[in-house]
file entry-v3.cif (mmCIF, C-alpha atoms)
data_coords
loop_
_atom_site.label_atom_id
_atom_site.label_comp_id
_atom_site.auth_asym_id
_atom_site.auth_seq_id
_atom_site.Cartn_x
_atom_site.Cartn_y
_atom_site.Cartn_z
CA MET A 1 37.69 -6.09 -4.01
CA THR A 2 40.91 -6.68 -5.91
CA GLU A 3 40.37 -10.21 -7.16
CA GLN A 4 39.70 -10.62 -10.85
CA LYS A 5 36.63 -12.74 -10.10
CA ASP A 6 35.03 -9.89 -8.13
CA ILE A 7 35.78 -7.38 -10.89
CA VAL A 8 34.01 -9.63 -13.41
CA LEU A 9 31.06 -10.01 -11.02
CA LEU A 10 30.92 -6.23 -10.59
CA GLU A 11 30.65 -5.79 -14.36
CA LYS A 12 27.97 -8.50 -14.59
CA LEU A 13 26.03 -6.78 -11.80
CA GLY A 14 25.97 -3.53 -13.77
CA GLU A 15 24.64 -5.37 -16.82
CA MET A 16 22.04 -7.13 -14.67
CA LYS A 17 20.81 -3.83 -13.23
CA SER A 18 20.34 -2.35 -16.72
CA LYS A 19 18.46 -5.43 -17.93
CA PHE A 20 16.36 -5.52 -14.76
CA LEU A 21 15.22 -1.90 -15.09
CA GLN A 22 14.65 -2.30 -18.82
CA GLU A 23 12.50 -5.42 -18.47
CA ILE A 24 10.50 -4.31 -15.43
CA SER A 25 9.62 -1.03 -17.20
CA LYS A 26 7.43 -3.16 -19.52
CA SER A 27 4.94 -3.54 -16.67
CA VAL A 28 5.94 -0.93 -14.06
CA ILE A 29 6.20 2.72 -15.08
CA GLY A 30 8.15 5.16 -12.92
CA GLN A 31 8.91 4.39 -9.24
CA GLN A 32 12.66 4.21 -9.97
CA ASP A 33 13.70 4.82 -6.35
CA VAL A 34 11.44 2.03 -5.11
CA LEU A 35 12.76 -0.41 -7.74
CA ASN A 36 16.38 0.46 -6.93
CA HIS A 37 15.80 -0.06 -3.21
CA ILE A 38 14.06 -3.41 -3.76
CA LEU A 39 17.04 -4.54 -5.83
CA ILE A 40 19.41 -3.39 -3.08
CA ALA A 41 17.38 -5.29 -0.44
CA LEU A 42 17.51 -8.45 -2.57
CA LEU A 43 21.30 -8.23 -2.82
CA CYS A 44 21.56 -7.65 0.94
CA ARG A 45 19.24 -10.57 1.83
CA GLY A 46 16.97 -8.04 3.49
CA HIS A 47 13.18 -8.06 3.66
CA THR A 48 11.14 -5.05 2.55
CA LEU A 49 7.89 -3.44 3.68
CA ILE A 50 6.18 -1.38 0.96
CA VAL A 51 3.63 1.18 2.16
CA GLY A 52 1.24 3.04 -0.13
CA VAL A 53 -2.41 3.78 -0.81
CA PRO A 54 -4.38 1.36 -3.04
CA GLY A 55 -3.76 1.46 -6.78
CA LEU A 56 -0.09 2.50 -6.76
CA ALA A 57 1.19 -0.84 -8.13
CA LYS A 58 2.69 -2.22 -4.89
CA THR A 59 1.64 -5.78 -5.74
CA LEU A 60 2.41 -5.32 -9.45
CA ILE A 61 6.00 -4.28 -8.69
CA ILE A 62 6.59 -7.42 -6.62
CA LYS A 63 4.94 -9.77 -9.14
CA SER A 64 6.86 -8.19 -12.01
CA MET A 65 10.11 -8.54 -10.12
CA ALA A 66 9.39 -12.22 -9.45
CA GLU A 67 8.83 -12.76 -13.19
CA LEU A 68 12.34 -11.45 -13.93
CA LEU A 69 14.06 -13.73 -11.44
CA ASP A 70 14.39 -17.47 -11.92
CA LEU A 71 13.06 -18.06 -8.40
CA ASN A 72 10.10 -19.76 -6.76
CA PHE A 73 7.43 -17.08 -6.15
CA LYS A 74 4.63 -17.48 -3.59
CA ARG A 75 1.86 -15.05 -2.67
CA ILE A 76 0.09 -14.96 0.69
CA GLN A 77 -3.05 -12.82 0.94
CA PHE A 78 -3.31 -11.82 4.59
CA THR A 79 -6.84 -11.84 6.03
CA PRO A 80 -8.23 -11.75 9.60
CA ASP A 81 -8.96 -15.51 9.55
CA LEU A 82 -5.52 -16.58 8.29
CA MET A 83 -3.85 -19.07 10.64
CA PRO A 84 -0.10 -19.58 11.25
CA SER A 85 -0.31 -23.06 9.71
CA ASP A 86 -1.71 -21.48 6.52
CA ILE A 87 1.71 -19.83 6.15
CA THR A 88 4.20 -22.35 7.51
CA GLY A 89 2.43 -25.59 6.65
CA THR A 90 0.68 -28.31 8.63
CA GLU A 91 1.01 -31.93 9.65
CA VAL A 92 -1.67 -34.33 8.44
CA ILE A 93 -2.23 -38.06 8.94
CA ASP A 94 -0.98 -39.92 5.91
CA ASP A 95 -2.13 -43.48 5.09
CA ASP A 96 0.48 -45.80 3.62
CA LYS A 97 -1.60 -48.11 1.40
CA SER A 98 1.16 -50.69 1.01
CA SER A 99 1.74 -51.23 4.74
CA GLY A 100 -1.59 -50.01 6.08
CA LYS A 101 0.23 -47.86 8.64
CA ARG A 102 -0.63 -44.28 9.48
CA SER A 103 1.94 -41.57 10.10
CA PHE A 104 2.14 -37.80 10.27
CA ARG A 105 3.38 -36.02 7.19
CA PHE A 106 4.33 -32.35 6.95
CA PHE A 107 2.87 -30.42 4.02
CA LYS A 108 4.86 -27.27 3.37
CA GLY A 109 3.05 -23.93 3.30
CA PRO A 110 3.60 -20.98 0.95
CA ILE A 111 6.47 -19.69 3.11
CA PHE A 112 8.62 -22.32 1.35
CA GLY A 113 9.50 -20.15 -1.63
CA ASN A 114 12.28 -17.79 -2.66
CA ILE A 115 10.25 -14.61 -3.08
CA ILE A 116 7.26 -14.26 -0.78
CA LEU A 117 4.62 -11.58 -1.37
CA ALA A 118 2.92 -10.90 1.97
CA ASP A 119 -0.03 -8.86 0.71
CA GLU A 120 -1.61 -6.49 3.28
CA ILE A 121 0.36 -7.93 6.17
CA ASN A 122 -1.45 -5.74 8.71
CA ARG A 123 -4.81 -7.43 8.03
CA THR A 124 -3.99 -10.56 10.00
CA PRO A 125 -3.75 -10.99 13.81
CA PRO A 126 -0.37 -10.80 15.63
CA LYS A 127 -0.17 -14.60 16.10
CA THR A 128 -0.19 -15.13 12.34
CA GLN A 129 2.11 -12.15 11.70
CA SER A 130 4.65 -13.62 14.12
CA ALA A 131 4.71 -16.93 12.20
CA LEU A 132 5.90 -15.06 9.11
CA LEU A 133 8.29 -12.83 11.02
CA GLU A 134 9.86 -15.80 12.81
CA ALA A 135 10.57 -17.45 9.47
CA MET A 136 12.06 -14.17 8.22
CA GLN A 137 14.43 -14.01 11.17
CA GLU A 138 15.37 -17.67 11.59
CA GLN A 139 15.26 -18.72 7.91
CA LYS A 140 13.54 -21.93 9.01
CA VAL A 141 10.17 -23.31 10.10
CA THR A 142 9.64 -25.61 13.09
CA ALA A 143 6.68 -28.02 13.19
CA ALA A 144 6.14 -30.81 15.76
CA GLY A 145 9.68 -30.39 17.04
CA LYS A 146 11.29 -30.75 13.61
CA SER A 147 12.99 -27.87 11.78
CA TYR A 148 12.71 -27.31 8.05
CA GLN A 149 15.29 -25.02 6.44
CA LEU A 150 13.99 -22.44 3.96
CA ASP A 151 15.53 -22.35 0.51
CA LYS A 152 17.99 -19.57 -0.37
CA PRO A 153 17.65 -16.85 -1.45
CA PHE A 154 14.69 -16.09 0.82
CA PHE A 155 13.16 -12.65 0.32
CA VAL A 156 9.91 -11.32 1.84
CA LEU A 157 8.17 -8.30 0.32
CA ALA A 158 5.22 -7.17 2.42
CA THR A 159 2.64 -4.54 1.47
CA GLN A 160 0.63 -2.31 3.75
CA ASN A 161 -2.13 0.24 3.22
CA PRO A 162 -1.50 3.33 5.41
CA ILE A 163 -4.96 4.89 5.28
CA GLU A 164 -7.48 2.11 5.92
CA GLN A 165 -6.96 1.16 9.57
CA GLU A 166 -10.33 -0.45 10.38
CA GLY A 167 -9.90 -4.19 10.89
CA THR A 168 -6.10 -4.03 10.83
CA TYR A 169 -3.39 -5.10 13.26
CA PRO A 170 -0.39 -2.73 13.01
CA LEU A 171 2.99 -4.43 13.26
CA PRO A 172 4.75 -3.81 16.60
CA GLU A 173 8.01 -1.85 16.42
CA ALA A 174 10.07 -4.91 17.41
CA GLN A 175 8.63 -6.84 14.48
CA LEU A 176 9.00 -3.93 12.06
CA ASP A 177 12.71 -4.05 12.87
CA ARG A 178 12.90 -7.39 11.00
CA PHE A 179 12.41 -5.47 7.74
CA MET A 180 15.55 -3.96 6.29
CA PHE A 181 13.66 -1.28 4.35
CA ASN A 182 10.38 0.57 4.71
CA LEU A 183 9.58 2.02 1.28
CA MET A 184 6.89 4.62 0.71
CA ILE A 185 5.21 4.61 -2.70
CA ASP A 186 3.80 7.99 -3.69
CA TYR A 187 1.45 9.01 -6.50
CA PRO A 188 3.08 8.92 -9.96
CA GLU A 189 4.18 12.05 -11.79
CA ARG A 190 1.86 13.38 -14.50
CA LYS A 191 3.90 12.02 -17.44
CA ASP A 192 4.17 8.61 -15.76
CA GLU A 193 0.44 8.50 -15.07
CA ILE A 194 -0.28 9.27 -18.73
CA SER A 195 2.00 6.36 -19.75
CA ILE A 196 0.31 4.07 -17.22
CA ILE A 197 -3.15 4.84 -18.61
CA LYS A 198 -1.99 4.35 -22.20
CA GLN A 199 -0.34 1.03 -21.40
CA THR A 200 -3.02 -0.47 -19.19
CA THR A 201 -5.98 0.41 -21.40
CA ALA A 202 -4.53 -1.02 -24.63
CA SER A 203 -4.68 -4.59 -25.88
CA ASP A 204 -0.94 -4.96 -26.53
CA THR A 205 1.04 -5.55 -23.34
CA LEU A 206 4.69 -6.55 -23.09
CA GLU A 207 5.55 -9.47 -20.82
CA PRO A 208 8.81 -9.29 -18.84
CA LYS A 209 11.15 -12.26 -19.36
CA LYS A 210 13.40 -14.01 -16.87
CA ILE A 211 16.87 -12.51 -16.93
CA ILE A 212 18.56 -13.50 -13.63
CA ALA A 213 19.33 -17.05 -12.53
CA LYS A 214 19.25 -18.22 -8.93
CA LYS A 215 23.00 -18.94 -8.75
CA GLU A 216 23.76 -15.41 -10.04
CA ILE A 217 21.68 -13.84 -7.25
CA LEU A 218 23.50 -15.92 -4.64
CA ALA A 219 26.87 -14.89 -6.15
CA PHE A 220 25.89 -11.20 -6.08
CA GLN A 221 24.77 -11.55 -2.43
CA GLU A 222 28.19 -12.96 -1.53
CA LEU A 223 29.86 -10.14 -3.47
CA VAL A 224 28.06 -7.54 -1.32
CA LEU A 225 29.58 -9.07 1.83
CA ARG A 226 33.08 -8.79 0.36
CA VAL A 227 32.82 -5.06 -0.46
CA PRO A 228 35.33 -3.16 1.72
CA VAL A 229 34.16 -0.30 3.93
CA ALA A 230 36.55 2.27 5.40
CA ASP A 231 36.51 2.89 9.15
CA ASN A 232 35.38 6.50 8.73
CA VAL A 233 32.26 5.35 6.82
CA ILE A 234 31.36 2.81 9.52
CA GLU A 235 31.94 5.45 12.21
CA TYR A 236 29.66 7.87 10.32
CA ALA A 237 26.87 5.25 10.19
CA VAL A 238 27.30 4.37 13.89
CA ASP A 239 27.24 8.05 14.93
CA LEU A 240 24.23 8.78 12.72
CA VAL A 241 22.19 5.95 14.24
CA ALA A 242 23.33 6.89 17.76
CA SER A 243 22.13 10.46 17.13
CA THR A 244 18.54 9.15 16.86
CA ARG A 245 18.54 8.08 20.51
CA PRO A 246 17.20 10.58 23.07
CA GLY A 247 19.30 11.21 26.19
CA GLU A 248 21.65 13.62 27.90
CA LYS A 249 24.08 13.72 24.95
CA ALA A 250 21.34 14.06 22.32
CA LYS A 251 20.53 17.28 20.53
CA LYS A 252 17.58 19.27 21.82
CA PHE A 253 15.34 18.55 18.81
CA VAL A 254 16.02 14.82 19.17
CA ASN A 255 14.78 14.81 22.77
CA GLU A 256 11.73 16.81 21.71
CA LEU A 257 10.75 14.88 18.58
CA ILE A 258 11.91 11.27 19.15
CA GLU A 259 10.54 8.81 21.67
CA TRP A 260 12.80 5.87 20.81
CA GLY A 261 15.86 5.74 18.57
CA ALA A 262 17.20 3.00 16.31
CA GLY A 263 19.32 0.05 17.45
CA PRO A 264 22.45 -1.63 16.04
CA ARG A 265 20.41 -3.58 13.44
CA ALA A 266 19.76 -0.22 11.76
CA THR A 267 23.53 0.39 11.46
CA GLN A 268 24.01 -3.06 9.94
CA SER A 269 21.29 -2.31 7.37
CA LEU A 270 22.82 1.10 6.58
CA ILE A 271 26.23 -0.42 5.85
CA LEU A 272 24.89 -3.40 3.89
CA GLY A 273 22.59 -1.14 1.87
CA ALA A 274 25.45 1.29 1.22
CA LYS A 275 27.62 -1.59 -0.04
CA ALA A 276 24.94 -2.76 -2.49
CA HIS A 277 24.22 0.83 -3.58
CA ALA A 278 27.91 1.38 -4.31
CA ILE A 279 28.46 -1.71 -6.45
CA LEU A 280 25.13 -1.27 -8.28
CA ASN A 281 26.53 2.08 -9.39
CA GLY A 282 29.87 0.58 -10.43
CA ASN A 283 31.89 1.67 -7.38
CA PRO A 284 34.09 -1.01 -5.75
CA SER A 285 34.14 0.77 -2.37
CA VAL A 286 31.66 2.59 -0.13
CA ASN A 287 31.58 6.28 0.78
CA VAL A 288 29.47 8.41 3.12
CA ASP A 289 27.08 9.42 0.32
CA ASP A 290 26.14 5.75 -0.15
CA VAL A 291 25.18 5.61 3.53
CA LYS A 292 23.11 8.80 3.25
CA LYS A 293 21.10 7.27 0.39
CA MET A 294 19.97 4.48 2.74
CA VAL A 295 18.90 6.66 5.69
CA PHE A 296 15.19 7.09 4.92
CA PRO A 297 14.24 3.48 4.02
CA VAL A 298 16.37 2.06 6.87
CA LEU A 299 15.40 4.43 9.70
CA ARG A 300 11.83 5.37 8.74
CA HIS A 301 10.30 2.45 10.66
CA ARG A 302 12.93 2.25 13.40
CA VAL A 303 12.77 5.78 14.81
CA ILE A 304 9.61 6.37 16.86
CA PRO A 305 8.33 9.98 16.90
CA SER A 306 7.34 11.50 20.24
CA TYR A 307 3.84 12.59 21.18
CA SER A 308 4.99 16.18 20.67
CA ALA A 309 6.09 15.44 17.08
CA GLU A 310 2.77 13.77 16.28
CA ALA A 311 0.80 16.63 17.87
CA ASP A 312 2.70 19.14 15.72
CA SER A 313 2.32 16.94 12.60
CA VAL A 314 6.08 16.54 12.20
CA SER A 315 6.63 13.55 9.91
CA ILE A 316 9.34 10.96 10.48
CA ASP A 317 10.97 11.93 7.16
CA GLU A 318 11.21 15.55 8.34
CA ILE A 319 12.92 14.36 11.53
CA LEU A 320 15.35 12.23 9.53
CA SER A 321 16.13 15.16 7.22
CA LYS A 322 16.99 17.25 10.27
CA LEU A 323 19.24 14.48 11.58
CA LEU A 324 21.08 14.33 8.26
CA ASP A 325 21.56 18.12 8.25
CA ASN A 326 23.11 17.89 11.71
CA ALA A 327 25.22 14.78 11.07
#
call {"tool": "encode", "arguments": {"input": "entry-v3.cif", "output": "structure tokens"}}
result
Amino acid sequence: MTEQKDIVLLEKLGEMKSKFLQEISKSVIGQQDVLNHILIALLCRGHTLIVGVPGLAKTLIIKSMAELLDLNFKRIQFTPDLMPSDITGTEVIDDDKSSGKRSFRFFKGPIFGNIILADEINRTPPKTQSALLEAMQEQKVTAAGKSYQLDKPFFVLATQNPIEQEGTYPLPEAQLDRFMFNLMIDYPERKDEISIIKQTTASDTLEPKKIIAKKEILAFQELVLRVPVADNVIEYAVDLVASTRPGEKAKKFVNELIEWGAGPRATQSLILGAKAHAILNGNPSVNVDDVKKMVFPVLRHRVIPSYSAEADSVSIDEILSKLLDNA
């Protein structure tokens, strides 16, 4: 990153981050880690799964973020009766009054947006889930043999409730891998909860304003790809992900606590996330600490605990902490 253009972009990115956090704080109090990771995912063109109990502002965070960005925002409320065509769109018979002829016309579904809120994604059957996940992976929708390209940037933020499992369809591990990050939202700290109550029970509320244009987001996404990464940082990320895989060369605790390790897509996400983390903090190059900051959101949904770990109530975050200590 030696070109003058990239240096200017780096400075603009720092200003954008400050404005973003300042504006979103008008509606979202606390949750700084979650907000930073969502911003990183946006810059990396990665999709994000947000997990938390009801009432912790999962949906509010996504809606507030959409209000700050000059992008097309669509919300899909996932329910058991939702059909794939309700997401992607459907073909209907269209009458041409001038010629009297009938033809099929494709009406685009809510997936044709820039920011997609997939609310309670685990409440819909696998067939409908796969329609969304296919669009996430391919960046296009196919209907009646014709492909329709999705507009860029394309960013899916899905929410999931971890405690209410009745009537839900958990995402398979292979489909979870399509998400760059898995973010856990916890209960707010006492001072933040006091501020939340004061703000949400008063008549005066501040509305966030749009601060980031579409072309700026696309420029920042390209900037992330140009950030240089030293070989030793890439080797650290590769070795760290490889250490999650059970086998003869694995450490004893890995074989005991992990059923399946993460694949190469996890390493890609670690490096991309580390790049975005570095430049968001004003650093033109990536170091090992940037990679470490990405470990939990990137690997949390890609490393599958063993039966032994679940029986002993060993959480995935505890396993990841142990991996980091031994890296």
call {"tool": "closest_residue", "arguments": {"input": "entry-v3.cif", "among": "A:Ala276, A:Asp239, A:Val303, A:Lys293", "to": "Ile258 of chain A", "atoms": "all atoms listed in the file"}}
result
A:Val303
call {"tool": "closest_residue", "arguments": {"input": "entry-v3.cif", "among": "A:Thr244, A:Ser321, A:Gln175, A:Gln221", "to": "Asp6 of chain A", "atoms": "all atoms listed in the file"}}
result
A:Gln221
call {"tool": "residues_around", "arguments": {"input": "entry-v3.cif", "residues": "Pro80 of chain A", "least_positions_apart": "2", "cutoff": "6 Å", "atoms": "all atoms listed in the file", "output": "ChimeraX atom specification"}}
result
/A:82,123-124
call {"tool": "resolve_selection", "arguments": {"input": "entry-v3.cif", "expression": "the PyMOL selection byres ((chain A and resi 15-31) around 8)", "output": "VMD selection string"}}
result
chain A and resid 11 to 14 32 to 35 57 60 to 61 64 to 65 68 185 188 192 195 to 196 205 to 209 211 to 212 280
call {"tool": "residues_near_point", "arguments": {"input": "entry-v3.cif", "point": "(28.4, 9.8, 1.7)", "cutoff": "12 Å", "atoms": "all atoms listed in the file", "output": "list in words"}}
result
Val229, Ala230, Asn232, Val233, Ile234, Glu235, Tyr236, Ala237, Leu240, Leu270, Ile271, Ala274, Lys275, His277, Ala278, Ser285, Val286, Asn287, Val288, Asp289, Asp290, Val291, Lys292, Lys293, Met294, Val295, Leu324 and Ala327 of chain A
call {"tool": "write_last_selection", "arguments": {"input": "entry-v3.cif", "atoms": "C-alpha atoms", "output": "PDB file, keeping the file's coordinate frame"}}
result
ATOM      1  CA  VAL A 229      34.160  -0.300   3.930  1.00  0.00           C
ATOM      2  CA  ALA A 230      36.550   2.270   5.400  1.00  0.00           C
ATOM      3  CA  ASN A 232      35.380   6.500   8.730  1.00  0.00           C
ATOM      4  CA  VAL A 233      32.260   5.350   6.820  1.00  0.00           C
ATOM      5  CA  ILE A 234      31.360   2.810   9.520  1.00  0.00           C
ATOM      6  CA  GLU A 235      31.940   5.450  12.210  1.00  0.00           C
ATOM      7  CA  TYR A 236      29.660   7.870  10.320  1.00  0.00           C
ATOM      8  CA  ALA A 237      26.870   5.250  10.190  1.00  0.00           C
ATOM      9  CA  LEU A 240      24.230   8.780  12.720  1.00  0.00           C
ATOM     10  CA  LEU A 270      22.820   1.100   6.580  1.00  0.00           C
ATOM     11  CA  ILE A 271      26.230  -0.420   5.850  1.00  0.00           C
ATOM     12  CA  ALA A 274      25.450   1.290   1.220  1.00  0.00           C
ATOM     13  CA  LYS A 275      27.620  -1.590  -0.040  1.00  0.00           C
ATOM     14  CA  HIS A 277      24.220   0.830  -3.580  1.00  0.00           C
ATOM     15  CA  ALA A 278      27.910   1.380  -4.310  1.00  0.00           C
ATOM     16  CA  SER A 285      34.140   0.770  -2.370  1.00  0.00           C
ATOM     17  CA  VAL A 286      31.660   2.590  -0.130  1.00  0.00           C
ATOM     18  CA  ASN A 287      31.580   6.280   0.780  1.00  0.00           C
ATOM     19  CA  VAL A 288      29.470   8.410   3.120  1.00  0.00           C
ATOM     20  CA  ASP A 289      27.080   9.420   0.320  1.00  0.00           C
ATOM     21  CA  ASP A 290      26.140   5.750  -0.150  1.00  0.00           C
ATOM     22  CA  VAL A 291      25.180   5.610   3.530  1.00  0.00           C
ATOM     23  CA  LYS A 292      23.110   8.800   3.250  1.00  0.00           C
ATOM     24  CA  LYS A 293      21.100   7.270   0.390  1.00  0.00           C
ATOM     25  CA  MET A 294      19.970   4.480   2.740  1.00  0.00           C
ATOM     26  CA  VAL A 295      18.900   6.660   5.690  1.00  0.00           C
ATOM     27  CA  LEU A 324      21.080  14.330   8.260  1.00  0.00           C
ATOM     28  CA  ALA A 327      25.220  14.780  11.070  1.00  0.00           C
TER      29      ALA A 327
END
call {"tool": "closest_residue", "arguments": {"input": "entry-v3.cif", "among": "A:Met184, A:Pro264, A:Pro228, A:Val241", "to": "Pro284 of chain A", "atoms": "all atoms listed in the file"}}
result
A:Pro228
call {"tool": "residues_around", "arguments": {"input": "entry-v3.cif", "residues": "Ile111 of chain A", "least_positions_apart": "5", "cutoff": "7 Å", "atoms": "all atoms listed in the file", "output": "ChimeraX atom specification"}}
result
/A:87-88,116
call {"tool": "atom_distance", "arguments": {"input": "entry-v3.cif", "atom1": "atom CA of Ile62 of chain A", "atom2": "atom CA of Val224 of chain A"}}
result
22.1 Å
call {"tool": "residues_around", "arguments": {"input": "entry-v3.cif", "residues": "Asn72 of chain A", "least_positions_apart": "5", "cutoff": "12 Å", "atoms": "all atoms listed in the file", "output": "VMD selection string"}}
result
chain A and resid 63 65 to 67 110 to 117 150 to 155 213 to 214
call {"tool": "resolve_selection", "arguments": {"input": "entry-v3.cif", "expression": "the PyMOL selection byres ((chain A and resi 131-144) around 8)", "output": "list in words"}}
result
His47, Pro84, Ile87, Thr88, Thr90, Glu91, Phe106, Ile111, Lys127, Thr128, Gln129, Ser130, Gly145, Lys146, Ser147, Tyr148, Gln149, Leu150, Phe154, Val156, Gln175 and Arg178 of chain A
call {"tool": "atom_distance", "arguments": {"input": "entry-v3.cif", "atom1": "atom CA of Arg45 of chain A", "atom2": "atom CA of Asp119 of chain A"}}
result
19.4 Å
call {"tool": "resolve_selection", "arguments": {"input": "entry-v3.cif", "expression": "the PyMOL selection byres ((chain A and resi 104) around 8)", "output": "mmCIF file with C-alpha atoms, in the coordinates of the input"}}
result
data_model
loop_
_atom_site.group_PDB
_atom_site.id
_atom_site.type_symbol
_atom_site.label_atom_id
_atom_site.label_comp_id
_atom_site.auth_asym_id
_atom_site.auth_seq_id
_atom_site.Cartn_x
_atom_site.Cartn_y
_atom_site.Cartn_z
ATOM 1 C CA GLU A 91 1.010 -31.930 9.650
ATOM 2 C CA VAL A 92 -1.670 -34.330 8.440
ATOM 3 C CA ILE A 93 -2.230 -38.060 8.940
ATOM 4 C CA ASP A 94 -0.980 -39.920 5.910
ATOM 5 C CA ARG A 102 -0.630 -44.280 9.480
ATOM 6 C CA SER A 103 1.940 -41.570 10.100
ATOM 7 C CA ARG A 105 3.380 -36.020 7.190
ATOM 8 C CA PHE A 106 4.330 -32.350 6.950
#
call {"tool": "residues_near_point", "arguments": {"input": "entry-v3.cif", "point": "(16.5, 2.8, 9.7)", "cutoff": "9 Å", "atoms": "all atoms listed in the file", "output": "list in words"}}
result
Asp177, Met180, Phe181, Asn182, Val241, Ala262, Gly263, Arg265, Ala266, Thr267, Ser269, Leu270, Met294, Val295, Phe296, Pro297, Val298, Leu299, Arg300, His301, Arg302 and Val303 of chain A
call {"tool": "closest_residue", "arguments": {"input": "entry-v3.cif", "among": "A:Leu272, A:Leu56, A:Leu257, A:Leu39", "to": "Ala309 of chain A", "atoms": "only C-alpha atoms"}}
result
A:Leu257
call {"tool": "atom_distance", "arguments": {"input": "entry-v3.cif", "atom1": "atom CA of Glu259 of chain A", "atom2": "atom CA of Val238 of chain A"}}
result
19.0 Å
call {"tool": "closest_residue", "arguments": {"input": "entry-v3.cif", "among": "A:Ile40, A:Leu49, A:Leu69, A:Phe78", "to": "Lys215 of chain A", "atoms": "only C-alpha atoms"}}
result
A:Leu69
call {"tool": "closest_residue", "arguments": {"input": "entry-v3.cif", "among": "A:Asn326, A:Asn36, A:Leu171, A:Leu10", "to": "Lys251 of chain A", "atoms": "only C-alpha atoms"}}
result
A:Asn326
